[in-house]
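So this one's start.tsv, TSV, C-alpha atoms:
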chain	number	residue	atom	x	y	z
A	1	MET	CA	108.97	107.92	110.94
A	2	SER	CA	110.50	108.13	114.40
A	3	GLY	CA	113.57	110.32	114.75
A	4	SER	CA	112.71	112.53	111.77
A	5	PRO	CA	113.47	116.27	111.91
A	6	ILE	CA	110.60	118.50	113.02
A	7	PHE	CA	110.67	120.90	110.08
A	8	TRP	CA	111.61	118.60	107.22
A	9	LEU	CA	110.71	114.98	106.59
A	10	PRO	CA	113.45	113.26	104.56
A	11	ALA	CA	112.24	111.68	101.33
A	12	ALA	CA	112.11	107.88	101.56
A	13	SER	CA	111.20	107.02	97.96
A	14	THR	CA	112.41	107.67	94.43
A	15	GLU	CA	109.30	109.78	93.79
A	16	GLY	CA	109.98	111.71	96.99
A	17	ALA	CA	113.45	112.68	95.78
A	18	ARG	CA	112.05	113.98	92.48
A	19	THR	CA	109.34	115.92	94.31
A	20	ASP	CA	111.89	117.49	96.66
A	21	HIS	CA	114.11	118.56	93.76
A	22	LEU	CA	111.15	120.28	92.12
A	23	PHE	CA	110.17	121.91	95.41
A	24	PHE	CA	113.66	123.27	96.02
A	25	LEU	CA	113.84	124.54	92.44
A	26	LEU	CA	110.57	126.44	92.85
A	27	CYS	CA	111.72	127.84	96.21
A	28	GLY	CA	115.03	128.94	94.68
A	29	ILE	CA	113.40	130.64	91.67
A	30	SER	CA	110.80	132.32	93.90
A	31	THR	CA	113.53	133.56	96.24
A	32	LEU	CA	115.56	135.02	93.36
A	33	ILE	CA	112.50	136.80	91.94
A	34	VAL	CA	111.58	138.23	95.35
A	35	LEU	CA	115.14	139.47	95.88
A	36	LEU	CA	115.25	140.99	92.39
A	37	VAL	CA	111.93	142.81	92.81
A	38	LEU	CA	112.85	143.95	96.32
A	39	THR	CA	116.23	145.24	95.12
A	40	LEU	CA	114.61	147.16	92.26
A	41	ILE	CA	111.99	148.67	94.57
A	42	VAL	CA	114.60	149.84	97.09
A	43	THR	CA	116.94	151.10	94.35
A	44	PHE	CA	114.23	153.06	92.54
A	45	ALA	CA	112.82	154.40	95.81
A	46	ILE	CA	116.22	155.85	96.71
A	47	ARG	CA	117.37	156.96	93.26
A	48	TYR	CA	114.10	158.52	92.18
A	49	ARG	CA	113.01	159.88	95.55
A	50	HIS	CA	111.39	163.28	95.66
A	51	GLY	CA	113.94	166.04	95.11
A	52	SER	CA	116.68	163.85	93.67
A	53	ALA	CA	118.58	164.89	90.55
A	54	ALA	CA	117.97	161.57	88.73
A	55	PRO	CA	116.88	162.01	85.07
A	56	ARG	CA	113.16	161.50	84.54
A	57	GLY	CA	112.94	161.77	80.79
A	58	ARG	CA	111.57	159.30	78.28
A	59	LEU	CA	113.14	155.82	78.47
A	60	PRO	CA	115.48	154.80	75.64
A	61	GLU	CA	113.83	152.77	72.87
A	62	PHE	CA	115.80	149.67	73.95
A	63	PHE	CA	113.97	149.51	77.28
A	64	ARG	CA	110.61	149.92	75.58
A	65	SER	CA	111.07	147.14	73.01
A	66	GLU	CA	113.97	144.65	73.03
A	67	PHE	CA	114.34	144.59	76.82
A	68	GLU	CA	110.61	144.11	77.42
A	69	ILE	CA	110.34	141.40	74.75
A	70	GLY	CA	113.38	139.57	76.14
A	71	TRP	CA	112.09	139.69	79.73
A	72	THR	CA	108.66	138.41	78.66
A	73	ALA	CA	110.18	135.60	76.56
A	74	ALA	CA	112.54	134.54	79.35
A	75	THR	CA	109.64	134.36	81.81
A	76	ALA	CA	107.55	132.33	79.36
A	77	PHE	CA	110.37	129.82	78.73
A	78	LEU	CA	110.98	129.49	82.47
A	79	PHE	CA	107.27	128.76	83.02
A	80	LEU	CA	107.25	126.14	80.25
A	81	PHE	CA	110.33	124.45	81.70
A	82	ILE	CA	108.80	124.25	85.18
A	83	PHE	CA	105.50	123.02	83.74
A	84	TRP	CA	107.30	120.30	81.76
A	85	TRP	CA	109.35	119.15	84.75
A	86	ALA	CA	106.37	119.09	87.12
A	87	SER	CA	104.13	117.30	84.60
A	88	ALA	CA	106.78	114.69	83.81
A	89	ALA	CA	107.32	114.02	87.52
A	90	GLN	CA	103.58	113.62	88.14
A	91	LEU	CA	102.91	111.44	85.10
A	92	ALA	CA	105.81	109.15	86.02
A	93	GLY	CA	103.82	108.17	89.11
A	94	TYR	CA	101.12	106.61	86.93
A	95	ALA	CA	103.36	104.33	84.84
A	96	PRO	CA	104.78	101.58	87.06
A	97	PRO	CA	107.71	99.45	85.88
A	98	PRO	CA	106.73	96.07	84.40
A	99	ASP	CA	108.31	94.22	87.35
A	100	ALA	CA	106.39	96.15	90.02
A	101	ILE	CA	104.79	94.10	92.81
A	102	GLU	CA	101.01	94.54	92.73
A	103	MET	CA	99.25	95.16	96.04
A	104	HIS	CA	95.56	95.95	96.55
A	105	VAL	CA	94.07	98.53	98.88
A	106	THR	CA	90.40	98.82	99.82
A	107	ALA	CA	89.42	101.87	101.87
A	108	LYS	CA	86.30	102.21	104.00
A	109	GLN	CA	85.21	104.27	106.97
A	110	TRP	CA	87.62	104.27	108.73
A	111	MET	CA	90.36	101.84	107.78
A	112	PHE	CA	92.67	100.65	105.03
A	113	LYS	CA	92.42	96.97	104.07
A	114	THR	CA	95.46	95.79	102.13
A	115	GLN	CA	96.29	92.53	100.40
A	116	GLN	CA	99.69	91.14	99.52
A	117	PRO	CA	100.41	89.33	96.22
A	118	ASN	CA	100.22	85.94	98.00
A	119	GLY	CA	96.77	86.72	99.40
A	120	ALA	CA	97.85	87.73	102.92
A	121	ARG	CA	95.63	90.51	104.28
A	122	GLU	CA	96.37	93.39	106.65
A	123	ILE	CA	94.38	96.13	108.35
A	124	ASN	CA	95.92	99.63	108.46
A	125	GLN	CA	99.35	98.21	107.59
A	126	LEU	CA	101.24	97.53	104.41
A	127	HIS	CA	104.49	95.56	104.45
A	128	MET	CA	106.76	95.94	101.45
A	129	PRO	CA	110.40	95.35	100.46
A	130	VAL	CA	112.89	98.17	100.08
A	131	ASP	CA	114.27	99.16	96.66
A	132	THR	CA	111.39	97.39	94.93
A	133	PRO	CA	108.66	99.11	92.88
A	134	VAL	CA	105.19	98.55	94.30
A	135	ARG	CA	102.02	99.15	92.30
A	136	LEU	CA	98.89	99.96	94.29
A	137	VAL	CA	95.43	99.15	92.92
A	138	MET	CA	92.90	100.95	95.09
A	139	THR	CA	89.14	101.30	95.47
A	140	SER	CA	86.71	102.55	98.11
A	141	GLN	CA	83.68	100.80	99.58
A	142	ASP	CA	81.86	103.98	100.58
A	143	VAL	CA	83.16	107.56	100.16
A	144	ILE	CA	86.25	109.31	98.81
A	145	HIS	CA	89.41	108.52	100.76
A	146	SER	CA	93.08	108.93	99.94
A	147	PHE	CA	96.30	107.01	100.44
A	148	TRP	CA	98.90	109.51	101.68
A	149	VAL	CA	102.42	108.64	102.82
A	150	PRO	CA	104.21	111.96	103.48
A	151	ALA	CA	107.69	110.39	103.60
A	152	PHE	CA	107.13	108.97	100.09
A	153	ARG	CA	105.59	112.24	98.82
A	154	PHE	CA	102.81	109.95	97.59
A	155	LYS	CA	99.08	110.73	97.64
A	156	ARG	CA	96.32	109.18	95.56
A	157	ASP	CA	92.59	109.64	96.00
A	158	ILE	CA	90.60	106.42	96.43
A	159	LEU	CA	87.19	106.69	94.79
A	160	PRO	CA	84.02	104.62	95.16
A	161	GLY	CA	83.02	102.88	91.96
A	162	ARG	CA	86.43	103.34	90.35
A	163	VAL	CA	89.91	101.86	90.44
A	164	THR	CA	92.78	104.26	91.05
A	165	GLN	CA	96.42	103.32	90.73
A	166	GLY	CA	99.85	104.58	91.62
A	167	TRP	CA	103.31	103.27	92.38
A	168	PHE	CA	106.33	104.08	94.46
A	169	GLN	CA	109.69	102.58	95.34
A	170	ALA	CA	110.90	102.96	98.91
A	171	THR	CA	114.59	103.73	99.30
A	172	ARG	CA	114.81	103.47	103.10
A	173	THR	CA	113.70	100.85	105.59
A	174	GLY	CA	111.53	101.75	108.55
A	175	THR	CA	107.95	102.42	109.56
A	176	PHE	CA	106.25	105.35	107.83
A	177	HIS	CA	102.96	107.00	108.65
A	178	LEU	CA	99.94	106.45	106.39
A	179	PHE	CA	97.03	108.93	106.41
A	180	CYS	CA	93.72	109.57	104.72
A	181	ALA	CA	93.95	113.12	103.38
A	182	GLU	CA	90.32	113.46	102.21
A	183	TYR	CA	87.66	114.28	104.79
A	184	CYS	CA	85.63	111.07	104.91
A	185	GLY	CA	83.37	111.41	107.93
A	186	THR	CA	83.25	111.67	111.70
A	187	ASP	CA	86.36	109.62	112.45
A	188	HIS	CA	88.42	110.87	109.52
A	189	SER	CA	91.21	111.99	111.85
A	190	GLU	CA	91.47	108.43	113.22
A	191	MET	CA	91.90	106.84	109.79
A	192	GLY	CA	95.57	106.04	109.41
A	193	GLY	CA	98.11	103.28	109.48
A	194	GLU	CA	101.69	102.33	108.73
A	195	VAL	CA	103.77	101.38	105.73
A	196	ILE	CA	106.52	99.05	106.92
A	197	VAL	CA	109.51	98.91	104.58
A	198	MET	CA	111.75	95.91	105.18
A	199	PRO	CA	114.99	94.53	103.73
A	200	LYS	CA	114.17	92.10	100.94
A	201	ALA	CA	115.26	89.03	102.90
A	202	ASP	CA	113.19	90.09	105.92
A	203	TYR	CA	110.17	90.76	103.72
A	204	ALA	CA	110.47	87.30	102.14
A	205	ALA	CA	110.63	85.73	105.61
A	206	TRP	CA	107.65	87.79	106.80
A	207	THR	CA	105.62	86.82	103.73
A	208	ALA	CA	106.39	83.13	104.21
A	209	ALA	CA	105.18	83.34	107.82
A	210	GLN	CA	101.78	84.81	106.91
A	211	PRO	CA	98.67	82.63	106.59
A	212	GLU	CA	98.06	82.53	102.87
A	213	GLY	CA	94.60	82.76	101.40
A	214	ASP	CA	93.62	82.70	97.78
A	215	ASP	CA	95.22	85.55	95.93
A	216	LEU	CA	92.86	87.90	94.14
A	217	GLY	CA	93.25	86.12	90.82
A	218	LYS	CA	92.32	82.72	92.24
A	219	ALA	CA	89.47	84.18	94.28
A	220	GLY	CA	88.25	85.95	91.16
A	221	GLY	CA	88.38	82.70	89.20
A	222	LYS	CA	86.06	81.03	91.70
A	223	LEU	CA	83.74	84.02	91.61
A	224	PHE	CA	83.84	83.98	87.80
A	225	VAL	CA	82.37	80.48	87.84
A	226	LYS	CA	79.99	81.11	90.76
A	227	MET	CA	78.39	84.14	89.11
A	228	GLY	CA	77.88	82.24	85.84
A	229	CYS	CA	80.41	84.25	83.81
A	230	ALA	CA	82.19	81.08	82.67
A	231	GLY	CA	78.99	79.87	81.00
A	232	CYS	CA	79.38	82.54	78.32
A	233	HIS	CA	83.04	83.59	78.34
A	234	ALA	CA	84.80	80.21	78.54
A	235	GLY	CA	86.65	79.09	75.44
A	236	SER	CA	84.16	76.27	74.71
A	237	ASN	CA	80.96	78.22	75.40
A	238	ALA	CA	77.91	77.94	73.21
A	239	VAL	CA	76.96	81.60	73.66
A	240	HIS	CA	78.55	84.06	71.24
A	241	ALA	CA	80.62	86.04	73.80
A	242	PRO	CA	84.29	87.10	73.87
A	243	ASN	CA	86.83	84.58	75.12
A	244	LEU	CA	88.70	86.50	77.82
A	245	ALA	CA	91.94	84.52	77.67
A	246	GLY	CA	94.75	86.78	76.47
A	247	LEU	CA	92.41	89.77	76.11
A	248	TRP	CA	93.93	91.93	78.86
A	249	GLY	CA	96.04	94.84	77.59
A	250	ARG	CA	94.88	94.49	73.98
A	251	THR	CA	93.13	97.22	72.02
A	252	ILE	CA	89.83	95.93	70.67
A	253	PRO	CA	87.36	97.46	68.19
A	254	LEU	CA	83.90	98.49	69.37
A	255	ALA	CA	80.57	98.27	67.62
A	256	ASP	CA	80.44	102.06	67.12
A	257	GLY	CA	83.71	102.02	65.16
A	258	SER	CA	85.95	103.25	67.96
A	259	SER	CA	88.47	101.18	69.89
A	260	VAL	CA	89.38	100.74	73.54
A	261	GLU	CA	92.14	99.17	75.60
A	262	VAL	CA	91.10	96.30	77.86
A	263	ASP	CA	92.16	97.55	81.28
A	264	GLU	CA	90.69	97.93	84.78
A	265	ARG	CA	88.34	100.71	83.74
A	266	TYR	CA	86.96	98.87	80.71
A	267	VAL	CA	86.46	95.57	82.54
A	268	ARG	CA	84.63	97.25	85.44
A	269	ASP	CA	82.40	99.21	83.08
A	270	SER	CA	81.68	96.07	81.06
A	271	ILE	CA	80.50	94.29	84.21
A	272	LEU	CA	78.39	97.16	85.53
A	273	GLN	CA	77.31	98.80	82.24
A	274	PRO	CA	77.67	96.12	79.54
A	275	ARG	CA	75.76	98.09	76.90
A	276	ARG	CA	78.02	101.13	77.15
A	277	GLU	CA	80.97	99.90	75.06
A	278	ILE	CA	79.98	96.81	73.06
A	279	ALA	CA	82.78	94.82	71.42
A	280	ALA	CA	82.50	94.65	67.64
A	281	GLY	CA	80.92	91.46	66.35
A	282	TYR	CA	78.96	90.65	69.52
A	283	GLU	CA	75.33	91.20	70.50
A	284	PRO	CA	74.51	93.30	73.61
A	285	ILE	CA	73.11	90.33	75.55
A	286	MET	CA	75.22	90.50	78.72
A	287	PRO	CA	73.17	91.47	81.81
A	288	SER	CA	74.32	94.22	84.16
A	289	PHE	CA	75.80	93.19	87.51
A	290	GLN	CA	75.14	96.61	89.03
A	291	GLY	CA	74.03	95.99	92.61
A	292	VAL	CA	75.00	92.30	92.34
A	293	ALA	CA	78.80	92.51	92.32
A	294	SER	CA	80.30	94.38	95.28
A	295	GLU	CA	83.47	96.45	95.10
A	296	ALA	CA	85.39	93.49	96.51
A	297	ASP	CA	83.85	91.22	93.86
A	298	LEU	CA	84.80	93.63	91.09
A	299	THR	CA	88.39	93.79	92.33
A	300	ARG	CA	88.62	89.98	92.32
A	301	LEU	CA	87.06	89.64	88.86
A	302	VAL	CA	89.38	92.28	87.40
A	303	ALA	CA	92.39	90.52	88.94
A	304	TYR	CA	91.27	87.20	87.46
A	305	ILE	CA	90.78	88.59	83.96
A	306	ARG	CA	94.19	90.24	84.21
A	307	SER	CA	95.68	86.86	85.15
A	308	LEU	CA	94.34	85.47	81.86
A	309	ALA	CA	96.71	87.69	79.89
A	310	THR	CA	99.00	84.66	79.44
A	311	GLY	CA	96.22	82.98	77.48
A	312	GLU	CA	95.10	80.25	79.89
A	313	ASP	CA	91.52	79.03	79.49
A	314	ALA	CA	88.93	81.40	80.90
A	315	GLY	CA	86.78	78.59	82.03
A	316	GLN	CA	89.31	77.14	84.44

Could you write out this file's structure as structure tokens?
Amino acid sequence: MSGSPIFWLPAASTEGARTDHLFFLLCGISTLIVLLVLTLIVTFAIRYRHGSAAPRGRLPEFFRSEFEIGWTAATAFLFLFIFWWASAAQLAGYAPPPDAIEMHVTAKQWMFKTQQPNGAREINQLHMPVDTPVRLVMTSQDVIHSFWVPAFRFKRDILPGRVTQGWFQATRTGTFHLFCAEYCGTDHSEMGGEVIVMPKADYAAWTAAQPEGDDLGKAGGKLFVKMGCAGCHAGSNAVHAPNLAGLWGRTIPLADGSSVEVDERYVRDSILQPRREIAAGYEPIMPSFQGVASEADLTRLVAYIRSLATGEDAGQ
């Protein structure tokens, strides 16, 4: 962001503020420990220097038992506290609020392709409203990339063949740098873009001015019919296959006696490896779409099946 200090980039998201608090805590604790150890070293070096009259007998029992136990316990509790705080801060980044806006990111050498909820597409840019949680659903078309916005303290790896997620909520308007932080090939250093955070009214006006295409759910619905999925998974199908309406987010039993939640990972695996986790009560007759459905196709199909969570007919 233009005008930012050279040595410290102000946090521009709720996650960034939490990350900075943890960073400053670790710096403060580390500084206190360094000062304590340095003070003890200097004190002992002077007091117990060669030729001094300081007593050098056996330490009192207190220093060989209670003091050592207390110091060890205090250090252990401090470690557990820091571990808990850091883990809680990290895990919070994987659980977006229910009202988060969903945006999709597809990475490839060497660009970021983003898509707004209304279907508007961008290259190496992502517009978003301020003070609004945004959930990113990301995949790669080739190699490992990452979505890194330093001002948000946000970084997620983007993996080929998998869907990765994360969320953030910007607290300041402006234009913030976007980088790929995983070496992804010859022009890795050129792979970057901008996250443009706008006031909510300005974002609404910008969105209304964009040429709208089909959103991912609608595009996935067309692909669902085109690839023949509706012939088996529609509510009125003759083939004994699961009706997908209302299935998203539910926990279903599997043929091996285990259970699984219907989410992005399960839907993708069911399309590419249908015999891996077979739903209880159904025959393993679904063909694999490995090599048939592209990453973009998988993203659209997953979005469509997610849109059926309200229970509308899968064949529509």

Neighbouring residues of Ala219 (chain A) were defined as those with any atom within 12 Å, considering only C-alpha atoms; residues of the same chain fewer than 5 positions away were excluded. Please report them as a CSV table (one decimal) with C-alpha atoms, in the coordinates of the input.
chain,number,residue,atom,x,y,z
A,118,ASN,CA,100.2,85.9,98.0
A,119,GLY,CA,96.8,86.7,99.4
A,213,GLY,CA,94.6,82.8,101.4
A,214,ASP,CA,93.6,82.7,97.8
A,224,PHE,CA,83.8,84.0,87.8
A,225,VAL,CA,82.4,80.5,87.8
A,226,LYS,CA,80.0,81.1,90.8
A,296,ALA,CA,85.4,93.5,96.5
A,297,ASP,CA,83.8,91.2,93.9
A,298,LEU,CA,84.8,93.6,91.1
A,299,THR,CA,88.4,93.8,92.3
A,300,ARG,CA,88.6,90.0,92.3
A,301,LEU,CA,87.1,89.6,88.9
A,302,VAL,CA,89.4,92.3,87.4
A,303,ALA,CA,92.4,90.5,88.9
A,304,TYR,CA,91.3,87.2,87.5
A,305,ILE,CA,90.8,88.6,84.0
A,307,SER,CA,95.7,86.9,85.2

- Query: Hey, which of A:Ala241, A:Ala54, A:Glu182, A:Asp263 ends up closest to Ile285 (chain A)? Count all atoms listed in the file.
  - Reply: A:Ala241

- Task: Extract, using all atoms listed in the file, all DNA, RNA and protein residues at most 12 Å from Thr175 (chain A), discarding same-chain residues fewer than 3 positions from it, and format them as number ranges by chain.
- Result: A: 1-4, 12, 125-130, 149-152, 170, 172, 178, 193-198

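Going from CA of Ala279 (chain A) over to CA of Ile252 (chain A), you cover 7.2 Å.
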
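The closest residue to Gln169 (chain A), picked from A:Ala120, A:Ile46, A:Ala204, A:Ala17 and counting only C-alpha atoms, is A:Ala17.
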
Could you give me the axis-aligned bounding box of region 100-106 of chain A, with 5 Å of padding per side, as centre plus edge lengths in Å to one decimal, as AutoDock Vina command-line options?
--center_x 98.4 --center_y 96.5 --center_z 94.9 --size_x 26.0 --size_y 14.7 --size_z 19.8
